[in-house]
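Source file: entry_4.cif (mmCIF, C-alpha atoms and all ligand atoms)
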```cif
data_upload
loop_
_atom_site.label_atom_id
_atom_site.label_comp_id
_atom_site.auth_asym_id
_atom_site.auth_seq_id
_atom_site.Cartn_x
_atom_site.Cartn_y
_atom_site.Cartn_z
CA MET A 1 -6.54 33.50 1.40
CA LYS A 2 -8.42 31.15 -0.85
CA HIS A 3 -10.46 34.03 -2.22
CA ARG A 4 -7.33 35.95 -3.02
CA ARG A 5 -5.81 33.07 -4.83
CA ASP A 6 -8.90 32.72 -7.06
CA ALA A 7 -8.87 36.41 -7.83
CA GLY A 8 -5.22 36.17 -8.68
CA ALA A 9 -5.91 33.37 -11.08
CA THR A 10 -8.54 35.44 -12.88
CA ILE A 11 -6.13 38.29 -13.35
CA TRP A 12 -3.49 35.95 -14.46
CA GLY A 13 -5.86 34.45 -17.04
CA ASP A 14 -6.67 37.89 -18.29
CA LEU A 15 -3.04 38.91 -18.59
CA HIS A 16 -2.16 35.72 -20.26
CA ARG A 17 -4.87 35.96 -22.85
CA ARG A 18 -4.46 39.61 -23.60
CA ARG A 19 -0.79 40.19 -23.53
CA HIS A 20 1.59 37.40 -22.95
CA HIS A 21 0.19 34.82 -25.28
CA ARG A 22 -0.63 37.26 -28.01
CA ARG A 23 2.45 39.38 -28.07
CA GLY A 24 5.19 37.29 -26.61
CA TYR A 25 5.97 39.55 -23.66
CA SER A 26 7.32 38.09 -20.50
CA LEU A 27 4.79 38.14 -17.70
CA GLY A 28 7.40 39.77 -15.49
CA ALA A 29 7.41 42.79 -17.78
CA VAL A 30 3.61 42.94 -17.73
CA PHE A 31 3.58 42.84 -13.92
CA GLY A 32 6.07 45.67 -13.89
CA ASP A 33 3.84 47.76 -16.16
CA LEU A 34 0.75 46.99 -14.07
CA CYS A 35 2.46 47.95 -10.83
CA ARG A 36 3.49 51.22 -12.43
CA LEU A 37 -0.05 51.96 -13.64
CA LEU A 38 -1.70 51.10 -10.32
CA GLY A 39 0.90 53.08 -8.44
CA GLY A 40 2.59 50.59 -6.19
CA PRO A 41 3.45 46.95 -5.76
CA MET A 42 0.22 45.06 -5.95
CA LEU A 43 0.98 41.87 -7.79
CA ARG A 44 3.20 39.05 -6.84
CA CYS A 45 4.66 36.51 -9.22
CA GLY A 46 4.91 33.06 -7.86
CA GLY A 47 4.41 29.39 -8.58
CA HIS A 48 4.10 27.93 -12.01
CA ARG A 49 0.97 27.18 -13.95
CA ARG A 50 0.63 25.37 -17.19
CA ASP A 51 -2.09 26.27 -19.61
CA ALA A 52 -2.50 25.68 -23.33
CA GLY A 53 0.96 24.20 -23.39
CA VAL A 54 2.67 27.34 -22.11
CA THR A 55 4.28 27.58 -18.72
CA ILE A 56 3.52 30.86 -17.07
CA ARG A 57 3.71 32.31 -13.63
CA GLY A 58 0.59 32.94 -11.59
CA ALA A 59 -0.27 36.26 -9.99
CA THR A 60 -1.70 36.97 -6.57
CA ILE A 61 -3.46 40.18 -5.60
CA TRP A 62 -1.87 42.23 -2.88
CA GLY A 63 -4.28 44.13 -0.69
CA ARG A 64 -6.05 47.24 -1.81
CA HIS A 65 -6.83 46.82 -5.50
CA SER A 66 -10.10 45.37 -6.69
CA LEU A 67 -10.39 43.00 -9.60
CA GLU A 68 -12.20 45.64 -11.64
CA GLU A 69 -9.39 48.09 -11.15
CA VAL A 70 -6.93 45.59 -12.43
CA HIS A 71 -9.10 44.72 -15.40
CA VAL A 72 -9.38 48.32 -16.43
CA THR A 73 -5.65 48.66 -16.11
CA THR A 74 -4.92 45.66 -18.28
CA GLU A 75 -7.11 47.27 -20.92
CA GLN A 76 -5.04 50.41 -20.63
CA LEU A 77 -1.98 48.25 -21.05
CA ASP A 78 -3.43 46.70 -24.16
CA ALA A 79 -3.95 50.11 -25.67
CA THR A 80 -0.30 51.01 -25.21
CA ALA A 81 1.08 47.62 -26.15
CA ASP A 82 1.12 48.30 -29.88
CA THR A 83 3.91 50.77 -29.39
CA GLN A 84 6.13 48.43 -27.43
CA CYS A 85 9.03 46.81 -29.27
CA LEU A 86 8.68 43.05 -29.54
CA ILE A 87 12.40 42.48 -29.52
CA CYS A 88 13.75 44.72 -26.75
CA GLY A 89 10.57 45.90 -24.99
CA ALA A 90 11.24 49.63 -25.41
CA GLU A 91 8.32 52.05 -25.73
CA ASN A 92 8.13 53.79 -29.09
CA PRO A 93 5.99 56.64 -30.44
CA PRO A 94 2.97 55.25 -32.34
CA ASP A 95 4.24 56.46 -35.71
CA ALA A 96 7.78 55.08 -35.39
CA LEU A 97 8.88 52.76 -38.18
CA LEU A 98 11.92 51.40 -36.37
CA CYS A 99 12.37 50.86 -32.66
CA GLU A 100 14.32 53.75 -31.20
CA GLU A 101 16.38 51.46 -29.00
CA CYS A 102 17.23 48.48 -31.18
CA TYR A 103 16.07 49.46 -34.73
CA ALA A 104 13.88 46.40 -35.20
CA PRO A 105 10.90 47.26 -37.42
CA THR A 106 7.90 48.12 -35.24
CA ALA A 107 5.70 46.48 -37.88
CA ILE A 108 6.77 43.12 -36.44
CA GLY A 109 5.09 43.98 -33.14
CA ARG A 110 1.93 45.17 -34.87
CA ASP A 111 1.78 42.10 -37.11
CA ALA A 112 2.35 39.82 -34.13
CA ALA A 113 -0.46 41.53 -32.21
CA VAL A 114 -2.95 40.43 -34.86
CA GLN A 115 -2.00 36.79 -34.34
CA ASP A 116 -3.13 34.85 -31.36
CA ARG A 117 0.20 33.17 -30.80
CA GLU A 118 3.52 33.92 -29.32
CA PRO A 119 6.01 34.45 -32.17
CA LYS A 120 9.20 32.44 -32.15
CA ILE A 121 12.54 33.86 -33.09
CA ILE A 122 15.04 31.77 -35.02
CA SER A 123 18.39 33.51 -35.26
CA VAL A 124 20.78 32.86 -38.11
CA ILE A 125 24.26 33.65 -36.90
CA GLY A 126 27.80 33.19 -38.15
CA ASP A 127 30.95 34.98 -39.16
CA SER A 128 31.01 37.49 -41.99
CA ASN A 129 31.01 35.90 -45.45
CA VAL A 130 29.90 32.41 -44.32
CA GLY A 131 26.71 32.65 -46.38
CA LYS A 132 23.97 33.71 -43.96
CA THR A 133 22.18 36.00 -46.40
CA VAL A 134 22.32 33.50 -49.24
CA TYR A 135 21.16 30.66 -47.02
CA LEU A 136 18.30 32.51 -45.39
CA GLY A 137 17.07 33.97 -48.67
CA LEU A 138 17.03 30.57 -50.35
CA LEU A 139 15.45 28.87 -47.37
CA LEU A 140 12.60 31.38 -47.30
CA ASP A 141 12.18 31.03 -51.04
CA MET A 142 11.97 27.25 -50.76
CA LEU A 143 9.41 27.55 -47.98
CA THR A 144 7.20 29.93 -49.94
CA GLN A 145 7.41 27.49 -52.85
CA ARG A 146 6.11 24.77 -50.56
CA ALA A 147 9.25 22.68 -50.41
CA GLY A 148 9.14 19.74 -48.03
CA ASP A 149 5.38 20.14 -47.63
CA PHE A 150 5.80 23.37 -45.73
CA GLU A 151 3.59 26.35 -46.25
CA ALA A 152 5.00 29.78 -45.48
CA VAL A 153 3.03 33.00 -45.54
CA PRO A 154 4.97 36.25 -45.26
CA LYS A 155 3.45 38.65 -42.75
CA GLY A 156 4.01 42.10 -44.14
CA ALA A 157 5.64 43.03 -47.42
CA TYR A 158 8.93 43.88 -45.69
CA SER A 159 9.36 40.15 -45.06
CA VAL A 160 9.76 39.45 -48.77
CA ASP A 161 12.66 41.84 -49.31
CA LEU A 162 15.35 39.45 -48.12
CA GLN A 163 14.25 36.60 -50.31
CA GLN A 164 13.75 38.86 -53.31
CA ASN A 165 17.18 40.41 -52.90
CA VAL A 166 18.87 37.00 -52.88
CA ILE A 167 16.88 35.45 -55.70
CA SER A 168 17.18 38.45 -58.01
CA HIS A 169 20.94 38.53 -57.52
CA LEU A 170 21.36 34.80 -58.08
CA SER A 171 19.25 34.90 -61.21
CA ARG A 172 21.68 37.51 -62.55
CA ARG A 173 24.55 35.17 -61.62
CA MET A 174 25.75 37.26 -58.73
CA PHE A 175 25.95 36.67 -55.02
CA PRO A 176 24.10 39.30 -52.97
CA PRO A 177 26.22 42.08 -51.43
CA LYS A 178 27.44 42.01 -47.84
CA THR A 179 24.91 42.85 -45.19
CA PRO A 180 25.67 46.34 -43.83
CA MET A 181 26.62 46.69 -40.19
CA GLU A 182 23.90 49.29 -39.62
CA VAL A 183 20.98 47.61 -37.93
CA ASN A 184 18.42 49.86 -39.63
CA GLN A 185 19.43 48.36 -42.99
CA TRP A 186 18.95 44.72 -42.06
CA HIS A 187 16.19 42.71 -43.63
CA TRP A 188 13.73 41.10 -41.25
CA ALA A 189 11.55 38.22 -42.24
CA TYR A 190 8.36 37.42 -40.39
CA TYR A 191 6.68 34.27 -41.70
CA GLN A 192 3.87 32.06 -40.62
CA VAL A 193 4.99 28.50 -41.26
CA ARG A 194 3.13 25.22 -41.02
CA ARG A 195 3.33 21.77 -42.49
CA ARG A 196 0.65 20.95 -45.00
CA VAL A 197 -0.86 18.13 -43.00
CA ARG A 198 -4.09 18.15 -41.06
CA ASP A 199 -3.95 19.70 -37.60
CA ALA A 200 -0.31 20.73 -38.00
CA PRO A 201 0.35 23.71 -35.76
CA CYS A 202 1.26 27.13 -37.16
CA VAL A 203 4.49 28.75 -36.03
CA ASP A 204 5.18 32.46 -36.36
CA LEU A 205 8.84 32.86 -37.15
CA ILE A 206 10.91 36.01 -36.92
CA MET A 207 14.21 35.67 -38.72
CA PRO A 208 16.45 38.71 -39.11
CA ASP A 209 19.45 38.66 -41.43
CA MET A 210 22.21 39.96 -39.20
CA ALA A 211 25.60 41.14 -40.39
CA GLY A 212 28.58 38.99 -39.44
CA GLU A 213 30.62 42.05 -38.52
CA SER A 214 28.00 43.27 -36.09
CA LEU A 215 27.96 39.85 -34.45
CA ALA A 216 31.74 39.96 -34.18
CA ALA A 217 31.59 43.44 -32.65
CA GLU A 218 28.99 42.29 -30.14
CA LEU A 219 31.22 39.37 -29.15
CA VAL A 220 34.15 41.69 -28.49
CA THR A 221 32.15 44.27 -26.51
CA PRO A 222 28.83 42.82 -25.39
CA GLN A 223 25.79 45.12 -25.42
CA THR A 224 27.09 47.36 -28.25
CA PHE A 225 24.36 45.88 -30.41
CA ARG A 226 21.43 45.70 -28.08
CA VAL A 227 19.29 44.06 -30.73
CA ILE A 228 21.67 41.10 -31.03
CA HIS A 229 21.66 40.59 -27.29
CA SER A 230 17.84 40.71 -27.10
CA LEU A 231 17.42 38.48 -30.15
CA LEU A 232 19.77 35.77 -28.96
CA LYS A 233 18.28 35.85 -25.49
CA LYS A 234 14.78 35.41 -26.90
CA SER A 235 15.63 32.90 -29.63
CA SER A 236 13.70 29.64 -29.60
CA GLY A 237 16.12 28.14 -32.09
CA ILE A 238 19.49 29.07 -33.51
CA MET A 239 21.12 28.27 -36.80
CA MET A 240 24.83 28.77 -36.59
CA LEU A 241 26.61 28.84 -39.92
CA VAL A 242 30.22 27.74 -40.07
CA ASP A 243 32.45 27.94 -43.13
CA ALA A 244 33.26 24.27 -43.66
CA ALA A 245 35.41 24.97 -46.72
CA LEU A 246 37.73 27.15 -44.63
CA ALA A 247 37.77 24.67 -41.79
CA ALA A 248 38.61 21.80 -44.15
CA ASN A 249 41.54 23.86 -45.44
CA GLY A 250 42.99 23.98 -41.96
CA SER A 251 41.89 27.48 -40.94
CA THR A 252 41.08 27.83 -37.25
CA GLN A 253 38.97 30.99 -37.73
CA PRO A 254 35.60 29.20 -38.20
CA ASP A 255 36.23 27.08 -35.12
CA PHE A 256 37.19 30.04 -32.93
CA PHE A 257 34.33 32.23 -34.11
CA ALA A 258 31.78 29.49 -33.47
CA LEU A 259 33.35 28.83 -30.09
CA LYS A 260 33.04 32.51 -29.12
CA MET A 261 29.49 32.67 -30.40
CA LEU A 262 28.38 29.65 -28.39
CA SER A 263 30.10 30.80 -25.24
CA TYR A 264 28.31 34.15 -25.64
CA ILE A 265 25.00 32.28 -25.92
CA ASP A 266 25.98 30.17 -22.93
CA GLY A 267 26.68 33.38 -21.01
CA ILE A 268 23.32 35.03 -21.66
CA SER A 269 21.21 31.90 -21.32
CA ALA A 270 19.16 31.36 -18.22
CA ALA A 271 20.35 27.76 -17.75
CA LYS A 272 21.75 27.09 -14.33
CA ARG A 273 25.35 26.06 -13.92
CA GLY A 274 25.79 22.36 -14.36
CA GLN A 275 22.66 22.22 -16.50
CA GLY A 276 22.89 21.97 -20.28
CA ILE A 277 21.26 24.53 -22.58
CA GLN A 278 18.09 23.20 -24.18
CA THR A 279 17.67 25.68 -27.08
CA PRO A 280 17.98 23.72 -30.32
CA ILE A 281 21.11 24.77 -32.17
CA ALA A 282 21.70 23.59 -35.72
CA VAL A 283 25.30 24.00 -36.80
CA LEU A 284 25.39 24.37 -40.58
CA LEU A 285 28.57 23.33 -42.33
CA CYS A 286 28.31 25.82 -45.19
CA LYS A 287 29.94 25.76 -48.61
CA ALA A 288 30.04 21.98 -48.35
CA ASP A 289 30.38 21.86 -52.14
CA HIS A 290 34.08 22.58 -51.49
CA CYS A 291 34.41 19.65 -49.08
CA PRO A 292 31.96 16.94 -50.11
CA GLU A 293 33.15 14.63 -47.33
CA CYS A 294 30.85 16.70 -45.08
CA PHE A 295 27.86 15.06 -46.65
CA ASP A 296 29.03 11.56 -45.78
CA ASP A 297 29.76 12.20 -42.14
CA PRO A 298 28.94 15.70 -40.83
CA HIS A 299 29.53 14.78 -37.21
CA GLY A 300 32.88 13.18 -37.95
CA PHE A 301 33.83 16.24 -40.01
CA ALA A 302 32.93 18.58 -37.17
CA ARG A 303 34.79 16.53 -34.60
CA ALA A 304 37.92 16.54 -36.74
CA ASN A 305 37.88 20.08 -38.14
CA LEU A 306 35.89 22.03 -35.55
CA ASN A 307 37.10 20.25 -32.48
CA ARG A 308 36.89 23.15 -30.01
CA LEU A 309 33.31 23.83 -31.02
CA TRP A 310 32.47 20.14 -30.84
CA ASN A 311 33.81 19.85 -27.29
CA LEU A 312 31.91 22.90 -26.05
CA CYS A 313 28.72 21.52 -27.58
CA GLU A 314 29.24 18.25 -25.81
CA ALA A 315 29.88 19.95 -22.50
CA ARG A 316 27.15 22.63 -22.43
CA PHE A 317 24.51 22.17 -25.12
CA GLU A 318 22.01 19.36 -25.06
CA ASN A 319 20.31 19.99 -28.38
CA VAL A 320 22.91 20.36 -31.12
CA ALA A 321 23.13 18.76 -34.54
CA PHE A 322 25.46 19.30 -37.49
CA PHE A 323 24.19 19.66 -41.06
CA PRO A 324 26.13 19.94 -44.30
CA THR A 325 24.76 22.70 -46.52
CA SER A 326 25.57 24.01 -49.93
CA VAL A 327 23.79 26.25 -52.37
CA ALA A 328 26.32 26.54 -55.18
CA GLY A 329 26.15 23.96 -57.97
CA SER A 330 29.08 25.22 -59.98
CA LEU A 331 31.06 28.37 -59.54
CA GLY A 332 32.96 30.41 -62.07
CA TYR A 333 35.40 33.15 -61.23
CA GLY A 334 35.69 36.59 -62.77
CA MET A 335 37.30 39.94 -62.08
CA SER A 336 35.31 42.63 -60.31
CA GLU A 337 34.35 45.67 -62.35
CA ASP A 338 37.31 47.72 -61.21
CA GLU A 339 39.59 44.70 -61.80
CA GLN A 340 40.71 44.73 -58.20
CA TYR A 341 39.77 41.29 -57.00
CA VAL A 342 38.38 37.95 -58.08
CA VAL A 343 34.67 37.38 -57.50
CA PRO A 344 32.91 34.00 -57.49
CA ILE A 345 30.06 33.73 -59.98
CA PRO A 346 27.26 31.27 -59.20
CA LEU A 347 26.76 29.60 -62.58
CA HIS A 348 23.89 27.62 -61.24
CA THR A 349 22.46 26.92 -57.83
CA ALA A 350 22.07 23.40 -56.54
CA LEU A 351 20.56 23.42 -53.09
CA ARG A 352 21.69 20.64 -50.82
CA GLY A 353 20.81 20.34 -47.17
CA VAL A 354 18.98 23.68 -46.97
CA LEU A 355 15.71 22.43 -45.58
CA GLU A 356 16.99 19.72 -43.21
CA PRO A 357 18.33 21.97 -40.43
CA PHE A 358 15.15 24.04 -40.56
CA GLU A 359 12.97 20.94 -40.24
CA TRP A 360 15.09 19.75 -37.35
CA ILE A 361 14.59 23.03 -35.48
CA ILE A 362 10.87 23.24 -36.25
CA ASP A 363 10.39 19.76 -34.80
CA ARG A 364 11.98 20.96 -31.56
CA LEU A 365 10.29 24.33 -31.06
N1 LIG B 1 31.01 27.63 -52.64
C1 LIG B 1 30.02 28.23 -52.02
N2 LIG B 1 30.11 29.54 -51.72
C2 LIG B 1 29.09 30.13 -51.08
C3 LIG B 1 27.94 29.41 -50.69
N3 LIG B 1 27.10 30.27 -50.06
C4 LIG B 1 27.71 31.47 -50.04
N4 LIG B 1 28.92 31.40 -50.65
C5 LIG B 1 29.89 32.48 -50.78
O1 LIG B 1 29.88 33.22 -49.58
C6 LIG B 1 29.77 34.59 -49.87
C7 LIG B 1 29.09 35.31 -48.75
O2 LIG B 1 27.72 34.99 -48.68
P1 LIG B 1 26.73 35.91 -47.84
O3 LIG B 1 25.44 35.18 -47.75
O4 LIG B 1 26.69 37.28 -48.35
O5 LIG B 1 27.46 35.91 -46.43
P2 LIG B 1 26.96 36.55 -45.07
O6 LIG B 1 27.16 35.54 -44.01
O7 LIG B 1 25.60 37.11 -45.22
O8 LIG B 1 28.03 37.69 -44.85
P3 LIG B 1 27.79 39.08 -44.07
O9 LIG B 1 26.58 39.71 -44.66
O10 LIG B 1 29.04 39.86 -44.29
O11 LIG B 1 27.61 38.71 -42.64
C8 LIG B 1 29.05 34.65 -51.18
O12 LIG B 1 29.34 35.84 -51.85
C9 LIG B 1 29.59 33.45 -51.89
O13 LIG B 1 30.81 33.78 -52.50
C10 LIG B 1 27.88 28.02 -51.03
O14 LIG B 1 26.92 27.29 -50.74
N5 LIG B 1 28.95 27.48 -51.68
MG MG B 2 24.78 38.89 -45.09
ZN ZN B 3 13.48 47.47 -29.79
#
```
Produce structure tokens that represent the structure in this file.
Ligand SMILES: Nc1nc2c(ncn2[C@@H]2O[C@H](COP(=O)(O)OP(=O)(O)OP(=O)(O)O)[C@@H](O)[C@H]2O)c(=O)[nH]1
Ligand SMILES: [Mg+2]
Ligand SMILES: [Zn+2]
Amino acid sequence: MKHRRDAGATIWGDLHRRRHHRRGYSLGAVFGDLCRLLGGPMLRCGGHRRDAGVTIRGATIWGRHSLEEVHVTTEQLDATADTQCLICGAENPPDALLCEECYAPTAIGRDAAVQDREPKIISVIGDSNVGKTVYLGLLLDMLTQRAGDFEAVPKGAYSVDLQQNVISHLSRRMFPPKTPMEVNQWHWAYYQVRRRVRDAPCVDLIMPDMAGESLAAELVTPQTFRVIHSLLKKSSGIMMLVDAALAANGSTQPDFFALKMLSYIDGISAAKRGQGIQTPIAVLLCKADHCPECFDDPHGFARANLNRLWNLCEARFENVAFFPTSVAGSLGYGMSEDEQYVVPIPLHTALRGVLEPFEWIIDRL
């Protein structure tokens, strides 16, 4: 028995080094693949081991397979791993640009494979028109310009598109257009972020810019957008944007949307009943330039104007903080080209509270 346990540990070490740690797959999925390749149940998950700061499950050999067999098979697994989607786990043909199941760019998986770390997903969620695209674009731009002593390196040119789209629009005094509902048109950002102090750890961050309407559709009929489900399930941190200007004007829409969003997250999380959810969730009170009282007392503002959300947070989420955020310095208003509706024109940008929620999440990853 003792011998078996040692052998199991070796296999486990091998799996951990090759696959789990490097690519961010769950060990359960790797066991499944291995069983399939070796033709039968031969591994057992059980117990918990802690190594290099990561909690993982150990494996024990079952009967007839030798260590060598398993080693060869893990190498086979490695060879196929490049084609597996990092977000949803689906197998894709080697030349696919987007995952066939969830439309996440397969380049993310390939870029992550080069790193020796498990990438972390930070999801930016919120209703349509709250300012997710503007916020995320400006945040990434600040990070690449070394704001707050951070250093951010984009992995892959596709990562820069989001930030470029936002900055080029703002410099022409326009807000960027709505994010389309089609997942294959979303911008994904994959950045390597670290603080510029000695021995600061590097974090690989995957941050997609989702469309508010797709999120709303997923809330109404879960699993229509498989990518949203997988992303939120795998997120290490969540930024939830709430339209504070609307809430301050007495609208209940921001409160209800945030409430639905959090109860969805509560539903898919693995936390047991009676146990709070640990994932750090930063609630961003956006467009705070319209309600400056946010800046004085964000928690008081949320309790008064987003009371349903506040109560759910208190009941179920252990790691929540509220941050006032604003990117617009002064706004002008003009008519759209076809004279149909009024459009806000960002005369200049004045970023307030953009970096704080990000720092808060990074400190808790
Ligand atoms: N006053 C003010 N308005 C803002 C601010 N940020 C965004 N807006 C307004 O909000 C609008 C929507 O911003 P987006 O970033 O496109 O919103 P979104 O959440 O990405 O919306 P979807 O892509 O539809 O999900 C902008 O066109 C601006 O009019 C802000 O800080 N202050
Ligand atoms: Mg958008
Ligand atoms: Zn996928």
Contact table chain A vs ligand ZN 3 (chain B), cut-off 10 Å, shortest pair per residue, only C-alpha atoms and all ligand atoms, as a Markdown table:
```
| residue | atom | partner | partner_atom | distance |
| --- | --- | --- | --- | --- |
| A:Gln84 | CA | B:ZN3 | ZN | 7.8 |
| A:Cys85 | CA | B:ZN3 | ZN | 4.5 |
| A:Leu86 | CA | B:ZN3 | ZN | 6.5 |
| A:Ile87 | CA | B:ZN3 | ZN | 5.1 |
| A:Cys88 | CA | B:ZN3 | ZN | 4.1 |
| A:Gly89 | CA | B:ZN3 | ZN | 5.8 |
| A:Ala90 | CA | B:ZN3 | ZN | 5.4 |
| A:Glu91 | CA | B:ZN3 | ZN | 8.0 |
| A:Asn92 | CA | B:ZN3 | ZN | 8.3 |
| A:Leu98 | CA | B:ZN3 | ZN | 7.8 |
| A:Cys99 | CA | B:ZN3 | ZN | 4.6 |
| A:Glu100 | CA | B:ZN3 | ZN | 6.5 |
| A:Glu101 | CA | B:ZN3 | ZN | 5.0 |
| A:Cys102 | CA | B:ZN3 | ZN | 4.1 |
| A:Tyr103 | CA | B:ZN3 | ZN | 5.9 |
| A:Ala104 | CA | B:ZN3 | ZN | 5.5 |
| A:Pro105 | CA | B:ZN3 | ZN | 8.1 |
| A:Thr106 | CA | B:ZN3 | ZN | 7.8 |
| A:Gly109 | CA | B:ZN3 | ZN | 9.7 |
| A:Arg226 | CA | B:ZN3 | ZN | 8.3 |
| A:Val227 | CA | B:ZN3 | ZN | 6.8 |
| A:Ser230 | CA | B:ZN3 | ZN | 8.5 |
| A:Leu231 | CA | B:ZN3 | ZN | 9.8 |
```
With ligand LIG 1 (chain B) as the partner and 9 Å as the cut-off, tabulate the residues of chain A that qualify, each row holding the nearest pair of atoms and their distance in Å to one decimal, using all atoms listed in the file, sorted by chain and rising number, as CSV.
```
residue,atom,partner,partner_atom,distance
A:Ile125,CA,B:LIG1,O6,7.9
A:Gly126,CA,B:LIG1,O6,6.3
A:Asp127,CA,B:LIG1,O11,6.1
A:Ser128,CA,B:LIG1,O11,3.7
A:Asn129,CA,B:LIG1,O8,3.5
A:Val130,CA,B:LIG1,O6,4.2
A:Gly131,CA,B:LIG1,O3,3.1
A:Lys132,CA,B:LIG1,O6,3.7
A:Thr133,CA,B:LIG1,O3,3.6
A:Val134,CA,B:LIG1,O3,3.8
A:Tyr135,CA,B:LIG1,O3,6.3
A:Leu136,CA,B:LIG1,O3,8.0
A:Gly137,CA,B:LIG1,O3,8.5
A:Val166,CA,B:LIG1,O3,8.5
A:Met174,CA,B:LIG1,O12,7.9
A:Phe175,CA,B:LIG1,O12,4.7
A:Pro176,CA,B:LIG1,O4,5.7
A:Pro177,CA,B:LIG1,O4,5.7
A:Lys178,CA,B:LIG1,O9,4.0
A:Thr179,CA,B:LIG1,O9,3.6
A:Pro180,CA,B:LIG1,O9,6.7
A:Met181,CA,B:LIG1,O9,8.3
A:Asp209,CA,B:LIG1,O7,7.4
A:Met210,CA,B:LIG1,O11,6.5
A:Ala211,CA,B:LIG1,O11,3.9
A:Gly212,CA,B:LIG1,O11,3.4
A:Glu213,CA,B:LIG1,O11,6.1
A:Ser214,CA,B:LIG1,O11,8.0
A:Leu215,CA,B:LIG1,O11,8.3
A:Leu241,CA,B:LIG1,O6,7.9
A:Asp243,CA,B:LIG1,O1,8.7
A:Ala245,CA,B:LIG1,N1,7.8
A:Cys286,CA,B:LIG1,O14,5.9
A:Lys287,CA,B:LIG1,N5,3.7
A:Ala288,CA,B:LIG1,N5,6.5
A:Asp289,CA,B:LIG1,N5,5.8
A:His290,CA,B:LIG1,N1,6.0
A:Thr325,CA,B:LIG1,O14,6.6
A:Ser326,CA,B:LIG1,O14,3.6
A:Val327,CA,B:LIG1,O14,3.7
A:Ala328,CA,B:LIG1,N5,4.5
A:Gly329,CA,B:LIG1,N5,7.7
A:Ser330,CA,B:LIG1,N1,8.0
A:Leu331,CA,B:LIG1,N1,6.9
A:Val343,CA,B:LIG1,O13,7.3
A:Pro344,CA,B:LIG1,O13,5.4
A:Ile345,CA,B:LIG1,O13,7.5
A:Pro346,CA,B:LIG1,C9,8.0
A:Thr349,CA,B:LIG1,O14,8.4
A:Ala350,CA,B:LIG1,O14,8.5
A:Leu351,CA,B:LIG1,O14,7.8
A:Arg352,CA,B:LIG1,O14,8.5
```
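Among the candidate residues A:Pro222, A:Gly237, A:Pro357, A:Gly148, the one lying nearest to Arg196 of chain A is A:Gly148, with distances computed using only C-alpha atoms.
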Selected residue of minimal separation from ligand MG 2 (chain B) among A:Ser168, A:Thr83, A:Gln115, A:Gln185, counting only C-alpha atoms and all ligand atoms:
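Between A:Ser168, A:Thr83, A:Gln115, A:Gln185, the residue approaching ligand MG 2 (chain B) most closely is A:Gln185.
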Record the distance separating atom CA of Ile362 of chain A and atom CA of Gln145 of chain A, expressed in Å with one decimal.
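Pair atom CA of Ile362 of chain A / atom CA of Gln145 of chain A returns 17.5 Å.
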Please indicate the distance in Å from atom CA of Lys120 of chain A to atom CA of Lys260 of chain A, rounded to one decimal place.
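That distance, rounded to one decimal, is 24.0 Å.
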